[in-house]
Amino acid sequence: MKIKRTIASALMGCFLFSSMVFVAPTLAEPTPINDTVKIEVVVDKNNMISAEKIQEKNDFLEIDITYPVISGLTDADFQEQLNYHIKKQVTYSKDIIEVQAKEYAQEAKQNGWEIRPYQLFIDYDLKKNDEAYLSFTITYYTYTGGANGMTVVSCINIDKKANEPIHLAALFPREADYKTKINHEILKQIELRSQDENEMFFEGDMGFQSISDTQGFYLKDNDLVIVFPKYEIAPGAMGTPEFTIELVRLKDSLVVKDEGKIVIEGLEIKTVINQETQVVMIPLRQVTEKLGYTITWDGADRSVELYKGARWTKVKVGENQYFFAKVAPFPLEAAPVIINDRTYVPVSFLERILQ
């Protein structure tokens with residue numbers, strides 16, 4: 001029961017709900033145009049994602065649903081509950097609109113109205129599936145009359161190693177002020193995008209204020225994508241606004257704090273402390289060039305190579321290891337990070353390559 005409650009709470013926190021109101025009288029069900037079928041849509045060596053497809057259609061309702069079924073996770077109980085809650089949410093949406101559509105059809109017939117069929121379209125989009133994370137969205141489109149339908153986006157993010165849903169805070173070091181950094185980036189993007197006449201955001205008290213503790217998001221490639229519900233920060237024509245932020249740079253900006261200075265070869269060097277590991281770190285280029293090393297930066301690989309005579313070493317941003325003399329990697333106390341376009345490494349790295 002503890003597992004069920006934990007997963008239910010975490011998954012529901014990821015959903016971006018609309019303000020639709022539902023009623024549920026008992027009526028006959030519509031006739032489906034075909035039975036539920038299972039379609040395999042994504043396969044990789046470690047995980048398989050298949051899809052369940054449901055279609056129904058009659059004079060007053062059209063349903064077209066494709067939702068994901070997850071397999072291959074290392075915790076079978078967690079996987080079962082994850083699939084259960086995805087299916088439960090989809091089934092709930094389907095049951096509700098079926099009831100609404102039948103009630104509407106009866107009322108339309110009694111009053112001689114022209115019937116405009118209700119619609120429910122559900123589909124999913126796989127965003128990321130690597131060794132660490134599984135991230136996907138499920139989009140619900142509902143039309144129940146009027147000029148426009150309603151779109152709701154559910155963001156589901158899974159830590160595959162821990163076998164648990166994750167919220168935004170779990171991506172960053174403890175006590176890191178990630179909200180301030182993300183808020184600042186979103187405000188910058190809103191200001192830039194507002195210059196486009198095709199984009200519009202609410203201003204003042206109705207505009208964007210801050211992300212929430214249960215903020216919708218997904219992971220894609222090396223980016224964090226923040227998702228807002230329709231009408232929350234922008235007019236309906238903007239749909240569900242998204243803001244893409246490079247995750248590595250965002251993490252790097254949150255990992256360190258100012259600490260002090262050290263002196264190397266007469267040069268005063270400002271150090272920082274990694275908040276997560278409490279490791280003292282120094283700017284790599286500033287120090288190694290002072291010591292006579294030639295340094296090259298590979299932007300595509302996000303790595304740095306150092307040369308001094310026959311000596312060679314290489315470090316890579318985000319990886320807590322380094323290569324020395326082109327042999328097997330050696331561990332680092334903390335992974336190199338980029339702060340204000342400078343690569344910082346643990347002080348111990350310098351001590352080791354100078355031995």
# chains A, B, ... in the order shown; residues from 1 in each chain; ligands from 1
>>> residues_around(residues="Asn222 in chain A", least_positions_apart="5", cutoff="8 Å", atoms="only C-alpha atoms", output="list in words")
Glu246, Leu247 and Val248 of chain A
>>> atom_distance(atom1="CA of Pro331 in chain A", atom2="CA of Ser135 in chain A")
29.5 Å
>>> residues_around(residues="Ile138 in chain A", least_positions_apart="6", cutoff="8 Å", atoms="only C-alpha atoms", output="PyMOL selection string")
chain A and resi 67+122-125+153-156
>>> write_last_selection(atoms="N, CA and C atoms", output="JSON list (two decimals), in the first residue's frame")
[["chain", "number", "residue", "atom", "x", "y", "z"],
["A", 67, "TYR", "N", -2.05, 5.22, -25.42],
["A", 67, "TYR", "CA", -1.32, 5.51, -24.18],
["A", 67, "TYR", "C", -0.20, 4.49, -23.98],
["A", 122, "ILE", "N", -6.25, 11.26, -26.98],
["A", 122, "ILE", "CA", -5.14, 11.11, -26.04],
["A", 122, "ILE", "C", -3.97, 10.46, -26.77],
["A", 123, "ASP", "N", -2.80, 11.04, -26.60],
["A", 123, "ASP", "CA", -1.60, 10.47, -27.21],
["A", 123, "ASP", "C", -0.40, 10.76, -26.31],
["A", 124, "TYR", "N", 0.65, 10.02, -26.50],
["A", 124, "TYR", "CA", 1.85, 10.24, -25.68],
["A", 124, "TYR", "C", 3.04, 10.53, -26.57],
["A", 125, "ASP", "N", 4.07, 11.12, -25.97],
["A", 125, "ASP", "CA", 5.28, 11.47, -26.71],
["A", 125, "ASP", "C", 6.48, 11.14, -25.83],
["A", 153, "VAL", "N", -1.77, 18.67, -20.57],
["A", 153, "VAL", "CA", -0.53, 17.90, -20.73],
["A", 153, "VAL", "C", -0.11, 17.31, -19.39],
["A", 154, "SER", "N", 0.08, 16.01, -19.37],
["A", 154, "SER", "CA", 0.60, 15.32, -18.20],
["A", 154, "SER", "C", 2.07, 14.99, -18.43],
["A", 155, "CYS", "N", 2.93, 15.40, -17.52],
["A", 155, "CYS", "CA", 4.37, 15.14, -17.63],
["A", 155, "CYS", "C", 4.76, 14.05, -16.63],
["A", 156, "ILE", "N", 5.36, 12.99, -17.11],
["A", 156, "ILE", "CA", 5.76, 11.89, -16.23],
["A", 156, "ILE", "C", 7.26, 11.65, -16.39]]
>>> atom_distance(atom1="CA of Ile115 in chain A", atom2="CA of Ala101 in chain A")
10.1 Å
>>> residues_around(residues="Gln119 in chain A", least_positions_apart="2", cutoff="6 Å", atoms="only C-alpha atoms", output="number ranges by chain")
A: 61-63, 142-143
>>> write_last_selection(atoms="C-alpha atoms", output="tab-separated table (two decimals), in the first residue's frame")
chain	number	residue	atom	x	y	z
A	61	LEU	CA	-18.77	10.93	-29.63
A	62	GLU	CA	-15.36	10.25	-31.13
A	63	ILE	CA	-12.55	8.73	-29.06
A	142	THR	CA	-11.22	17.19	-25.03
A	143	TYR	CA	-13.99	18.89	-27.01
>>> closest_residue(among="A:Tyr231, A:Met238, A:Asn58, A:Asn111", to="Glu197 in chain A", atoms="only C-alpha atoms")
A:Met238
>>> select_by_dssp(residues="range 30-147 of chain A", states="alpha helix (DSSP H)", output="ChimeraX atom specification")
/A:76-111
>>> write_last_selection(atoms="C-alpha atoms", output="PDB file, in the first residue's frame")
ATOM      1  CA  ALA A  76       8.386  -4.997 -11.146  1.00  0.00           C
ATOM      2  CA  ASP A  77       6.075  -3.653  -8.424  1.00  0.00           C
ATOM      3  CA  PHE A  78       6.859  -0.054  -9.300  1.00  0.00           C
ATOM      4  CA  GLN A  79       6.411  -0.767 -13.005  1.00  0.00           C
ATOM      5  CA  GLU A  80       3.019  -2.385 -12.379  1.00  0.00           C
ATOM      6  CA  GLN A  81       1.786   0.567 -10.342  1.00  0.00           C
ATOM      7  CA  LEU A  82       3.117   3.079 -12.871  1.00  0.00           C
ATOM      8  CA  ASN A  83       1.192   1.383 -15.672  1.00  0.00           C
ATOM      9  CA  TYR A  84      -1.864   1.061 -13.441  1.00  0.00           C
ATOM     10  CA  HIS A  85      -2.038   4.783 -12.718  1.00  0.00           C
ATOM     11  CA  ILE A  86      -1.462   5.766 -16.351  1.00  0.00           C
ATOM     12  CA  LYS A  87      -4.286   3.478 -17.447  1.00  0.00           C
ATOM     13  CA  LYS A  88      -6.513   4.627 -14.588  1.00  0.00           C
ATOM     14  CA  GLN A  89      -6.200   8.297 -15.603  1.00  0.00           C
ATOM     15  CA  VAL A  90      -6.874   7.479 -19.256  1.00  0.00           C
ATOM     16  CA  THR A  91      -9.864   5.291 -18.395  1.00  0.00           C
ATOM     17  CA  TYR A  92     -11.285   7.957 -16.092  1.00  0.00           C
ATOM     18  CA  SER A  93     -11.118  10.562 -18.868  1.00  0.00           C
ATOM     19  CA  LYS A  94     -12.784   8.149 -21.286  1.00  0.00           C
ATOM     20  CA  ASP A  95     -15.569   7.181 -18.872  1.00  0.00           C
ATOM     21  CA  ILE A  96     -16.329  10.809 -18.031  1.00  0.00           C
ATOM     22  CA  ILE A  97     -16.670  12.041 -21.604  1.00  0.00           C
ATOM     23  CA  GLU A  98     -18.800   9.025 -22.528  1.00  0.00           C
ATOM     24  CA  VAL A  99     -21.251   9.996 -19.799  1.00  0.00           C
ATOM     25  CA  GLN A 100     -21.179  13.658 -20.817  1.00  0.00           C
ATOM     26  CA  ALA A 101     -21.660  12.873 -24.503  1.00  0.00           C
ATOM     27  CA  LYS A 102     -24.656  10.606 -23.902  1.00  0.00           C
ATOM     28  CA  GLU A 103     -26.312  13.189 -21.683  1.00  0.00           C
ATOM     29  CA  TYR A 104     -25.663  15.873 -24.308  1.00  0.00           C
ATOM     30  CA  ALA A 105     -27.061  13.659 -27.104  1.00  0.00           C
ATOM     31  CA  GLN A 106     -30.259  13.043 -25.152  1.00  0.00           C
ATOM     32  CA  GLU A 107     -30.693  16.762 -24.438  1.00  0.00           C
ATOM     33  CA  ALA A 108     -29.981  17.666 -28.077  1.00  0.00           C
ATOM     34  CA  LYS A 109     -32.559  15.165 -29.303  1.00  0.00           C
ATOM     35  CA  GLN A 110     -35.201  16.482 -26.911  1.00  0.00           C
ATOM     36  CA  ASN A 111     -34.612  20.071 -28.027  1.00  0.00           C
TER      37      ASN A 111
END
>>> select_by_dssp(residues="range 117-171 of chain A", states="strand (DSSP E)", output="PyMOL selection string")
chain A and resi 118-129+133-143+150-159+164-165
>>> write_last_selection(atoms="N, CA and C atoms", output="compact mmCIF listing (two decimals), in the first residue's frame")
# COMPACT_ATOMS: atom_id res chain seq x y z
N TYR A 118 -18.89 15.17 -29.36
CA TYR A 118 -17.81 15.39 -28.41
C TYR A 118 -16.58 14.59 -28.88
N GLN A 119 -15.41 15.01 -28.41
CA GLN A 119 -14.17 14.35 -28.83
C GLN A 119 -13.23 14.17 -27.63
N LEU A 120 -12.53 13.06 -27.63
CA LEU A 120 -11.44 12.83 -26.69
C LEU A 120 -10.29 12.20 -27.45
N PHE A 121 -9.20 12.93 -27.55
CA PHE A 121 -7.99 12.43 -28.20
C PHE A 121 -6.86 12.40 -27.16
N ILE A 122 -6.25 11.26 -26.98
CA ILE A 122 -5.14 11.11 -26.04
C ILE A 122 -3.97 10.46 -26.77
N ASP A 123 -2.80 11.04 -26.60
CA ASP A 123 -1.60 10.47 -27.21
C ASP A 123 -0.40 10.76 -26.31
N TYR A 124 0.65 10.02 -26.50
CA TYR A 124 1.85 10.24 -25.68
C TYR A 124 3.04 10.53 -26.57
N ASP A 125 4.07 11.12 -25.97
CA ASP A 125 5.28 11.47 -26.71
C ASP A 125 6.48 11.14 -25.83
N LEU A 126 7.28 10.18 -26.26
CA LEU A 126 8.49 9.82 -25.53
C LEU A 126 9.53 10.91 -25.71
N LYS A 127 10.01 11.47 -24.62
CA LYS A 127 10.98 12.57 -24.67
C LYS A 127 12.41 12.11 -24.41
N LYS A 128 12.57 11.21 -23.44
CA LYS A 128 13.93 10.76 -23.09
C LYS A 128 13.84 9.35 -22.52
N ASN A 129 14.77 8.51 -22.94
CA ASN A 129 14.84 7.15 -22.41
C ASN A 129 16.29 6.70 -22.48
N TYR A 133 17.06 8.14 -16.95
CA TYR A 133 15.70 8.67 -16.88
C TYR A 133 14.80 8.17 -18.01
N LEU A 134 13.54 8.03 -17.66
CA LEU A 134 12.47 7.84 -18.63
C LEU A 134 11.54 9.04 -18.49
N SER A 135 11.35 9.78 -19.57
CA SER A 135 10.54 11.00 -19.51
C SER A 135 9.59 11.03 -20.70
N PHE A 136 8.31 11.23 -20.42
CA PHE A 136 7.33 11.30 -21.51
C PHE A 136 6.14 12.16 -21.09
N THR A 137 5.39 12.60 -22.07
CA THR A 137 4.18 13.36 -21.81
C THR A 137 2.98 12.60 -22.36
N ILE A 138 1.84 12.83 -21.74
CA ILE A 138 0.56 12.33 -22.27
C ILE A 138 -0.33 13.55 -22.46
N THR A 139 -0.80 13.75 -23.67
CA THR A 139 -1.61 14.93 -24.00
C THR A 139 -3.07 14.52 -24.17
N TYR A 140 -3.93 15.22 -23.45
CA TYR A 140 -5.37 14.98 -23.49
C TYR A 140 -6.04 16.16 -24.19
N TYR A 141 -6.75 15.88 -25.27
CA TYR A 141 -7.55 16.93 -25.93
C TYR A 141 -9.02 16.54 -25.80
N THR A 142 -9.80 17.44 -25.24
CA THR A 142 -11.22 17.19 -25.03
C THR A 142 -12.05 18.30 -25.66
N TYR A 143 -13.04 17.91 -26.45
CA TYR A 143 -13.99 18.89 -27.01
C TYR A 143 -15.38 18.53 -26.52
N MET A 150 -10.20 21.66 -25.11
CA MET A 150 -9.28 21.89 -24.00
C MET A 150 -8.14 20.88 -24.08
N THR A 151 -6.91 21.38 -23.99
CA THR A 151 -5.73 20.51 -24.01
C THR A 151 -5.08 20.50 -22.64
N VAL A 152 -4.81 19.31 -22.15
CA VAL A 152 -4.14 19.13 -20.86
C VAL A 152 -2.92 18.24 -21.08
N VAL A 153 -1.77 18.67 -20.57
CA VAL A 153 -0.53 17.90 -20.73
C VAL A 153 -0.11 17.31 -19.39
N SER A 154 0.08 16.01 -19.37
CA SER A 154 0.60 15.32 -18.20
C SER A 154 2.07 14.99 -18.43
N CYS A 155 2.93 15.40 -17.52
CA CYS A 155 4.37 15.14 -17.63
C CYS A 155 4.76 14.05 -16.63
N ILE A 156 5.36 12.99 -17.11
CA ILE A 156 5.76 11.89 -16.23
C ILE A 156 7.26 11.65 -16.39
N ASN A 157 7.98 11.71 -15.28
CA ASN A 157 9.44 11.56 -15.28
C ASN A 157 9.83 10.50 -14.25
N ILE A 158 10.61 9.54 -14.70
CA ILE A 158 10.96 8.40 -13.86
C ILE A 158 12.47 8.31 -13.70
N ASP A 159 12.93 8.17 -12.46
CA ASP A 159 14.32 7.84 -12.17
C ASP A 159 14.45 6.33 -12.30
N GLU A 164 11.49 5.35 -9.21
CA GLU A 164 10.53 6.24 -8.57
C GLU A 164 10.28 7.45 -9.45
N PRO A 165 9.07 8.05 -9.34
CA PRO A 165 8.81 9.30 -10.05
C PRO A 165 9.65 10.41 -9.45
>>> atom_distance(atom1="CA of Lys308 in chain A", atom2="CA of Gly292 in chain A")
6.8 Å
